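Working notes, structure below.
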Amino acid sequence: DDICNGAVDNATGTAALLALAEMNSKAGPAERSMVFIAFTAEESYLLGADVYAASPVFPLEKTVGGVNMDSMLPMPPARNVAMFGRGKSELDAYLDRALAKLGRVNTPDPAPERGSYYRSDHFTLAKRGVPMMFLRSGEDLVDGGEARGKALVNDYIQNRYHNPKDEFDPNWNWDGIAQDIQLYYAVGRELATTTDWPNWAEQDEFRATRDRSRRGK
């Protein structure tokens, strides 16, 4: 057929978002309000995210930060996670603490020349001053290392990404996705239960916008 069912991109991300909402609900109310959003039309110039950013549930100047995730490729657990835009904000410390608890490490953006930080939904909030984090699972698999991880990623991109073959497979390995959801939960939950107010790095291009919004200007 010619129908792109999007089982990985992005049914996995949507399912993970619902799982995170459920986990936080079961953990009880956090000190800060939490918003779980599934944006539409990312491929159309981040249209859905831009609509939210222009009319948010809570004012952006009172939004402490956020974590963006996209599709989650079903793979075995990985030793690492790739963070796009590392060094841009104080959210790095939240990720580092969560990784330490879970026994994982952060690795640099594998393809910085693609400008991935500026091409996903979180960008519409970041450019309005809200510190945002963007993560993807790493490719250094516990069983098979980088060679196996890269092979699985390349197989998906070449054979199923954005085409009708992106369909559910009952033989999927969910362990890596479950591992990543635990990481997203740890980062988001700490952000919602602290009184800290992380900012952009001193010289980051979004810092001035954030500082002005916090002063009410």
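Labels for the structure tokens follow display order: chains A, B, ..., residues from 1 in each chain, ligands from 1.
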(message) At a cut-off of 10 Å, using only C-alpha atoms, what residues contact Phe36 in chain A? Leave out same-chain residues fewer than 3 positions from it and give the result as a ChimeraX atom specification.
(response) /A:17-18,20-21,39,66-67
Could the residues in this selection be saved with all heavy atoms as a PDB file, in the first residue's frame?
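As written to disk, out_24.pdb reads:
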ATOM      1  N   LEU A  17       5.073   9.614  25.338  1.00  0.00           N
ATOM      2  CA  LEU A  17       4.536  10.793  26.012  1.00  0.00           C
ATOM      3  C   LEU A  17       3.405  10.401  26.962  1.00  0.00           C
ATOM      4  O   LEU A  17       3.338  10.869  28.108  1.00  0.00           O
ATOM      5  CB  LEU A  17       4.031  11.788  24.975  1.00  0.00           C
ATOM      6  CG  LEU A  17       3.475  13.100  25.522  1.00  0.00           C
ATOM      7  CD1 LEU A  17       4.598  13.992  26.027  1.00  0.00           C
ATOM      8  CD2 LEU A  17       2.673  13.830  24.445  1.00  0.00           C
ATOM      9  N   LEU A  18       2.518   9.516  26.505  1.00  0.00           N
ATOM     10  CA  LEU A  18       1.422   9.052  27.354  1.00  0.00           C
ATOM     11  C   LEU A  18       1.959   8.268  28.546  1.00  0.00           C
ATOM     12  O   LEU A  18       1.449   8.387  29.663  1.00  0.00           O
ATOM     13  CB  LEU A  18       0.463   8.195  26.534  1.00  0.00           C
ATOM     14  CG  LEU A  18      -0.294   8.914  25.410  1.00  0.00           C
ATOM     15  CD1 LEU A  18      -1.075   7.912  24.565  1.00  0.00           C
ATOM     16  CD2 LEU A  18      -1.215   9.978  25.973  1.00  0.00           C
ATOM     17  N   LEU A  20       4.855   8.702  30.012  1.00  0.00           N
ATOM     18  CA  LEU A  20       5.447   9.666  30.944  1.00  0.00           C
ATOM     19  C   LEU A  20       4.372  10.391  31.746  1.00  0.00           C
ATOM     20  O   LEU A  20       4.534  10.629  32.948  1.00  0.00           O
ATOM     21  CB  LEU A  20       6.302  10.674  30.179  1.00  0.00           C
ATOM     22  CG  LEU A  20       7.639  10.153  29.677  1.00  0.00           C
ATOM     23  CD1 LEU A  20       8.242  11.107  28.657  1.00  0.00           C
ATOM     24  CD2 LEU A  20       8.603   9.958  30.853  1.00  0.00           C
ATOM     25  N   ALA A  21       3.282  10.739  31.089  1.00  0.00           N
ATOM     26  CA  ALA A  21       2.182  11.390  31.801  1.00  0.00           C
ATOM     27  C   ALA A  21       1.622  10.457  32.874  1.00  0.00           C
ATOM     28  O   ALA A  21       1.330  10.878  34.007  1.00  0.00           O
ATOM     29  CB  ALA A  21       1.091  11.801  30.816  1.00  0.00           C
ATOM     30  N   PHE A  39       2.823  17.687  19.529  1.00  0.00           N
ATOM     31  CA  PHE A  39       2.673  18.696  18.489  1.00  0.00           C
ATOM     32  C   PHE A  39       2.420  18.046  17.131  1.00  0.00           C
ATOM     33  O   PHE A  39       2.916  16.955  16.848  1.00  0.00           O
ATOM     34  CB  PHE A  39       3.931  19.563  18.387  1.00  0.00           C
ATOM     35  CG  PHE A  39       4.196  20.403  19.592  1.00  0.00           C
ATOM     36  CD1 PHE A  39       5.386  20.282  20.290  1.00  0.00           C
ATOM     37  CD2 PHE A  39       3.266  21.324  20.032  1.00  0.00           C
ATOM     38  CE1 PHE A  39       5.648  21.065  21.399  1.00  0.00           C
ATOM     39  CE2 PHE A  39       3.513  22.117  21.145  1.00  0.00           C
ATOM     40  CZ  PHE A  39       4.714  21.979  21.835  1.00  0.00           C
ATOM     41  N   GLY A  66      11.883  22.760  29.345  1.00  0.00           N
ATOM     42  CA  GLY A  66      11.195  21.625  28.748  1.00  0.00           C
ATOM     43  C   GLY A  66      12.137  20.628  28.118  1.00  0.00           C
ATOM     44  O   GLY A  66      13.324  20.915  27.893  1.00  0.00           O
ATOM     45  N   VAL A  67      11.601  19.447  27.853  1.00  0.00           N
ATOM     46  CA  VAL A  67      12.355  18.365  27.235  1.00  0.00           C
ATOM     47  C   VAL A  67      11.596  17.897  25.999  1.00  0.00           C
ATOM     48  O   VAL A  67      10.403  17.600  26.070  1.00  0.00           O
ATOM     49  CB  VAL A  67      12.535  17.182  28.210  1.00  0.00           C
ATOM     50  CG1 VAL A  67      13.383  16.091  27.568  1.00  0.00           C
ATOM     51  CG2 VAL A  67      13.165  17.649  29.526  1.00  0.00           C
TER      52      VAL A  67
END
(request) Using DSSP on the backbone, list every residue of range 11-145 of chain A that comes out as strand (DSSP E), and give them as a ChimeraX atom specification. (result) /A:66-68,80-84,105-107,132-137
(request) Might you pull out every residue within 10 Å of Ser33 in chain A, with only C-alpha atoms counted and same-chain residues fewer than 4 positions away left off, and present them as a VMD selection string? (result) chain A and resid 29 58 63 to 64 192 to 193
Dump as a CSV table (one decimal), in the first residue's frame, selection limited to all heavy atoms:
chain,number,residue,atom,x,y,z
A,29,PRO,N,1.3,14.7,42.6
A,29,PRO,CA,1.5,16.1,42.1
A,29,PRO,C,3.0,16.6,42.4
A,29,PRO,O,3.5,16.3,43.4
A,29,PRO,CB,0.5,16.9,42.9
A,29,PRO,CG,-0.5,16.0,43.3
A,29,PRO,CD,0.2,14.7,43.5
A,58,PHE,N,0.4,27.9,29.9
A,58,PHE,CA,1.0,28.8,30.9
A,58,PHE,C,1.9,29.8,30.2
A,58,PHE,O,2.6,29.4,29.3
A,58,PHE,CB,1.8,28.0,32.0
A,58,PHE,CG,0.9,27.0,32.7
A,58,PHE,CD1,1.0,25.6,32.4
A,58,PHE,CD2,0.0,27.4,33.7
A,58,PHE,CE1,0.2,24.7,33.0
A,58,PHE,CE2,-0.8,26.4,34.4
A,58,PHE,CZ,-0.7,25.1,34.0
A,63,THR,N,7.4,29.5,32.4
A,63,THR,CA,7.7,28.1,32.0
A,63,THR,C,9.2,27.9,32.2
A,63,THR,O,10.0,28.5,31.6
A,63,THR,CB,7.3,27.9,30.5
A,63,THR,OG1,5.9,28.1,30.4
A,63,THR,CG2,7.7,26.4,30.2
A,64,VAL,N,9.5,27.1,33.2
A,64,VAL,CA,10.9,26.9,33.6
A,64,VAL,C,11.8,26.3,32.6
A,64,VAL,O,13.0,26.6,32.5
A,64,VAL,CB,11.0,26.2,35.0
A,64,VAL,CG1,10.6,24.8,34.9
A,64,VAL,CG2,12.4,26.3,35.6
A,192,ALA,N,10.5,19.5,37.7
A,192,ALA,CA,9.2,19.8,38.2
A,192,ALA,C,9.2,19.9,39.8
A,192,ALA,O,8.2,20.4,40.3
A,192,ALA,CB,8.2,18.9,37.7
A,193,THR,N,10.3,19.4,40.4
A,193,THR,CA,10.3,19.3,41.9
A,193,THR,C,11.4,20.1,42.5
A,193,THR,O,11.7,20.0,43.7
A,193,THR,CB,10.4,17.9,42.3
A,193,THR,OG1,11.6,17.3,41.7
A,193,THR,CG2,9.2,17.0,41.9
(request) Find, counting only C-alpha atoms, the residue in A:Ala49, A:Ala54, A:Ala98, A:Met133 that gets nearest to Met83 in chain A. (result)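 Distance minimum relative to Met83 in chain A lands on A:Met133.
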(request) Within 9 Å of Asp180 in chain A, counting only C-alpha atoms, which residues show up once you throw out same-chain ones fewer than 3 positions away? Write them as a ChimeraX atom specification, please. (result) /A:72,77-78,81,136-137,175-177,183-185
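You can rank A:Gln182, A:Thr195, A:Asn68, A:Ser44 by their closest distance to Gly85 in chain A using only C-alpha atoms, and at the top of that list sits A:Asn68.
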(message) Set the distance at 8 Å and use only C-alpha atoms: which residues neighbour range 151-161 of chain A once local chain neighbours fewer than 5 positions away are removed? I'd like the list as a list of chain:residue names.
(response)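 Residues near the query, excluding close chain neighbours: A:Asp9, A:Leu73, A:Met75, A:Glu139, A:Asp166.
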So that I have them on file, write out the residues from the current selection with N, CA, C and O atoms, as a PDB file, in the first residue's frame.
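Output saved as again_3.pdb:
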ATOM      1  N   ASP A   9       7.860   6.592  13.581  1.00  0.00           N
ATOM      2  CA  ASP A   9       7.832   8.052  13.491  1.00  0.00           C
ATOM      3  C   ASP A   9       6.432   8.521  13.091  1.00  0.00           C
ATOM      4  O   ASP A   9       6.102   8.604  11.928  1.00  0.00           O
ATOM      5  N   LEU A  73      13.304   4.668  18.182  1.00  0.00           N
ATOM      6  CA  LEU A  73      13.505   3.440  17.421  1.00  0.00           C
ATOM      7  C   LEU A  73      13.599   2.241  18.356  1.00  0.00           C
ATOM      8  O   LEU A  73      14.419   2.238  19.284  1.00  0.00           O
ATOM      9  N   MET A  75      14.999  -0.617  19.915  1.00  0.00           N
ATOM     10  CA  MET A  75      16.334  -1.225  19.913  1.00  0.00           C
ATOM     11  C   MET A  75      16.633  -1.744  21.309  1.00  0.00           C
ATOM     12  O   MET A  75      15.975  -1.364  22.277  1.00  0.00           O
ATOM     13  N   GLU A 139      23.660   5.128  20.120  1.00  0.00           N
ATOM     14  CA  GLU A 139      23.833   3.961  19.263  1.00  0.00           C
ATOM     15  C   GLU A 139      24.836   2.960  19.824  1.00  0.00           C
ATOM     16  O   GLU A 139      25.066   1.914  19.210  1.00  0.00           O
ATOM     17  N   ASP A 166       6.997   1.731   7.418  1.00  0.00           N
ATOM     18  CA  ASP A 166       7.113   2.069   8.846  1.00  0.00           C
ATOM     19  C   ASP A 166       5.857   1.566   9.553  1.00  0.00           C
ATOM     20  O   ASP A 166       4.951   2.325   9.882  1.00  0.00           O
TER      21      ASP A 166
END
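In this comparison, which uses only C-alpha atoms, the residue of A:Ala208, A:Leu141, A:Ala27, A:Ala201 approaching Pro76 in chain A most closely is A:Leu141.
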(message) Ranking A:Leu60, A:Ala11, A:Arg97, A:Arg86 by minimum distance to Pro112 in chain A and counting only C-alpha atoms, which one comes first?
(response) A:Arg86
(request) For CA of Asn163 in chain A and CA of Thr40 in chain A, determine how far apart the two atoms are, in Å to one decimal place. (result)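 That distance, rounded to one decimal, is 18.0 Å.
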(request) Name the residues in contact with Arg128 in chain A at a cut-off of 7 Å, using only C-alpha atoms, excluding same-chain residues fewer than 3 positions from it; report them as number ranges by chain. (result) A: 124-125, 209
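As for CA of Thr14 in chain A and CA of Ala30 in chain A, they are spaced 22.0 Å apart.
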(request) Would you list the contacts of Glu42 in chain A as number ranges by chain, taking every protein, DNA or RNA residue within 7 Å and counting only C-alpha atoms, but skipping same-chain residues closer than 6 positions in sequence? (result) A: 48, 120-121
Write the residues of the preceding selection, restricted to N, CA and C atoms, as a PDB file, in the first residue's frame.
ATOM      1  N   GLY A  48       2.650  23.159  14.434  1.00  0.00           N
ATOM      2  CA  GLY A  48       1.902  22.911  15.662  1.00  0.00           C
ATOM      3  C   GLY A  48       2.576  23.498  16.885  1.00  0.00           C
ATOM      4  N   SER A 120      13.661  20.977  15.291  1.00  0.00           N
ATOM      5  CA  SER A 120      12.615  20.182  15.930  1.00  0.00           C
ATOM      6  C   SER A 120      11.709  21.083  16.768  1.00  0.00           C
ATOM      7  N   ASP A 121      10.614  20.502  17.261  1.00  0.00           N
ATOM      8  CA  ASP A 121       9.540  21.287  17.870  1.00  0.00           C
ATOM      9  C   ASP A 121       9.978  22.217  18.994  1.00  0.00           C
TER      10      ASP A 121
END
May I have all residues of range 71-153 of chain A that DSSP, computed from the backbone, assigns to helix (DSSP H, G or I), given as a tab-separated table (two decimals) with N, CA, C and O atoms, in the first residue's frame?
chain	number	residue	atom	x	y	z
A	92	ASP	N	21.74	21.08	31.12
A	92	ASP	CA	22.74	20.01	31.01
A	92	ASP	C	22.92	19.27	32.33
A	92	ASP	O	23.08	18.05	32.36
A	93	ALA	N	22.91	20.02	33.42
A	93	ALA	CA	23.17	19.42	34.74
A	93	ALA	C	22.06	18.44	35.12
A	93	ALA	O	22.33	17.42	35.78
A	94	TYR	N	20.83	18.73	34.72
A	94	TYR	CA	19.72	17.82	35.01
A	94	TYR	C	19.92	16.49	34.28
A	94	TYR	O	19.70	15.42	34.84
A	95	LEU	N	20.33	16.57	33.04
A	95	LEU	CA	20.59	15.36	32.27
A	95	LEU	C	21.75	14.58	32.87
A	95	LEU	O	21.67	13.36	33.01
A	96	ASP	N	22.81	15.26	33.25
A	96	ASP	CA	23.98	14.58	33.80
A	96	ASP	C	23.64	13.82	35.07
A	96	ASP	O	24.10	12.69	35.28
A	97	ARG	N	22.83	14.42	35.93
A	97	ARG	CA	22.45	13.73	37.16
A	97	ARG	C	21.59	12.50	36.87
A	97	ARG	O	21.76	11.45	37.49
A	98	ALA	N	20.68	12.63	35.93
A	98	ALA	CA	19.83	11.50	35.58
A	98	ALA	C	20.64	10.37	34.95
A	98	ALA	O	20.44	9.19	35.26
A	99	LEU	N	21.57	10.72	34.09
A	99	LEU	CA	22.41	9.70	33.46
A	99	LEU	C	23.26	8.97	34.49
A	99	LEU	O	23.44	7.74	34.41
A	100	ALA	N	23.78	9.70	35.46
A	100	ALA	CA	24.61	9.07	36.49
A	100	ALA	C	23.80	8.06	37.29
A	100	ALA	O	24.30	6.96	37.60
A	101	LYS	N	22.56	8.39	37.59
A	101	LYS	CA	21.71	7.48	38.35
A	101	LYS	C	21.39	6.22	37.56
A	101	LYS	O	21.25	5.13	38.12
A	102	LEU	N	21.28	6.36	36.24
A	102	LEU	CA	20.88	5.25	35.39
A	102	LEU	C	22.08	4.53	34.77
A	102	LEU	O	21.90	3.59	33.99
A	112	PRO	N	26.57	17.44	13.99
A	112	PRO	CA	26.26	18.85	14.28
A	112	PRO	C	26.03	19.69	13.03
A	112	PRO	O	25.35	20.72	13.09
A	113	GLU	N	26.59	19.25	11.90
A	113	GLU	CA	26.42	20.02	10.66
A	113	GLU	C	24.97	20.05	10.18
A	113	GLU	O	24.58	20.90	9.38
A	114	ARG	N	24.13	19.15	10.71
A	114	ARG	CA	22.71	19.12	10.31
A	114	ARG	C	21.87	20.16	11.06
A	114	ARG	O	20.72	20.39	10.70
A	116	SER	N	20.47	20.02	14.01
A	116	SER	CA	19.26	19.37	14.50
A	116	SER	C	18.57	20.15	15.61
A	116	SER	O	17.34	20.08	15.75
A	117	TYR	N	19.33	20.89	16.42
A	117	TYR	CA	18.71	21.62	17.52
A	117	TYR	C	17.74	22.68	17.01
A	117	TYR	O	16.79	23.05	17.71
A	118	TYR	N	17.95	23.14	15.79
A	118	TYR	CA	17.14	24.23	15.26
A	118	TYR	C	16.05	23.73	14.30
A	118	TYR	O	15.45	24.52	13.58
A	123	PHE	N	12.36	24.11	19.24
A	123	PHE	CA	12.98	25.35	18.79
A	123	PHE	C	12.04	26.54	18.89
A	123	PHE	O	12.45	27.66	19.19
A	124	THR	N	10.73	26.29	18.66
A	124	THR	CA	9.79	27.41	18.72
A	124	THR	C	9.67	27.98	20.13
A	124	THR	O	9.37	29.16	20.30
A	125	LEU	N	9.91	27.15	21.14
A	125	LEU	CA	9.92	27.63	22.52
A	125	LEU	C	11.28	28.22	22.87
A	125	LEU	O	11.36	29.25	23.56
A	126	ALA	N	12.34	27.59	22.41
A	126	ALA	CA	13.69	28.07	22.71
A	126	ALA	C	13.89	29.49	22.19
A	126	ALA	O	14.43	30.35	22.90
A	145	GLY	N	27.43	-3.02	20.79
A	145	GLY	CA	28.19	-1.79	20.63
A	145	GLY	C	27.68	-0.89	19.52
A	145	GLY	O	26.54	-1.00	19.05
A	146	GLU	N	28.55	0.03	19.09
A	146	GLU	CA	28.17	1.02	18.09
A	146	GLU	C	27.91	0.39	16.72
A	146	GLU	O	27.07	0.87	15.97
A	147	ALA	N	28.62	-0.66	16.40
A	147	ALA	CA	28.45	-1.29	15.09
A	147	ALA	C	27.01	-1.78	14.92
A	147	ALA	O	26.37	-1.53	13.88
A	148	ARG	N	26.49	-2.45	15.93
A	148	ARG	CA	25.12	-2.95	15.83
A	148	ARG	C	24.11	-1.80	15.89
A	148	ARG	O	23.12	-1.79	15.15
A	149	GLY	N	24.37	-0.82	16.78
A	149	GLY	CA	23.45	0.31	16.89
A	149	GLY	C	23.34	1.09	15.60
A	149	GLY	O	22.24	1.41	15.14
A	150	LYS	N	24.46	1.39	14.98
A	150	LYS	CA	24.45	2.14	13.72
A	150	LYS	C	23.77	1.34	12.62
A	150	LYS	O	23.05	1.90	11.78
A	151	ALA	N	23.98	0.04	12.62
A	151	ALA	CA	23.36	-0.81	11.60
A	151	ALA	C	21.84	-0.78	11.72
A	151	ALA	O	21.12	-0.71	10.72
A	152	LEU	N	21.32	-0.82	12.95
A	152	LEU	CA	19.87	-0.80	13.16
A	152	LEU	C	19.28	0.55	12.75
A	152	LEU	O	18.21	0.62	12.13
A	153	VAL	N	19.97	1.62	13.11
A	153	VAL	CA	19.51	2.96	12.75
A	153	VAL	C	19.52	3.14	11.23
A	153	VAL	O	18.55	3.63	10.63
(request) Compare A:Val130, A:Ala16, A:Ala41, A:Cys4 by their minimum atom-to-atom distance to Trp174 in chain A, counting only C-alpha atoms, and give me the closest one. (result) A:Ala16
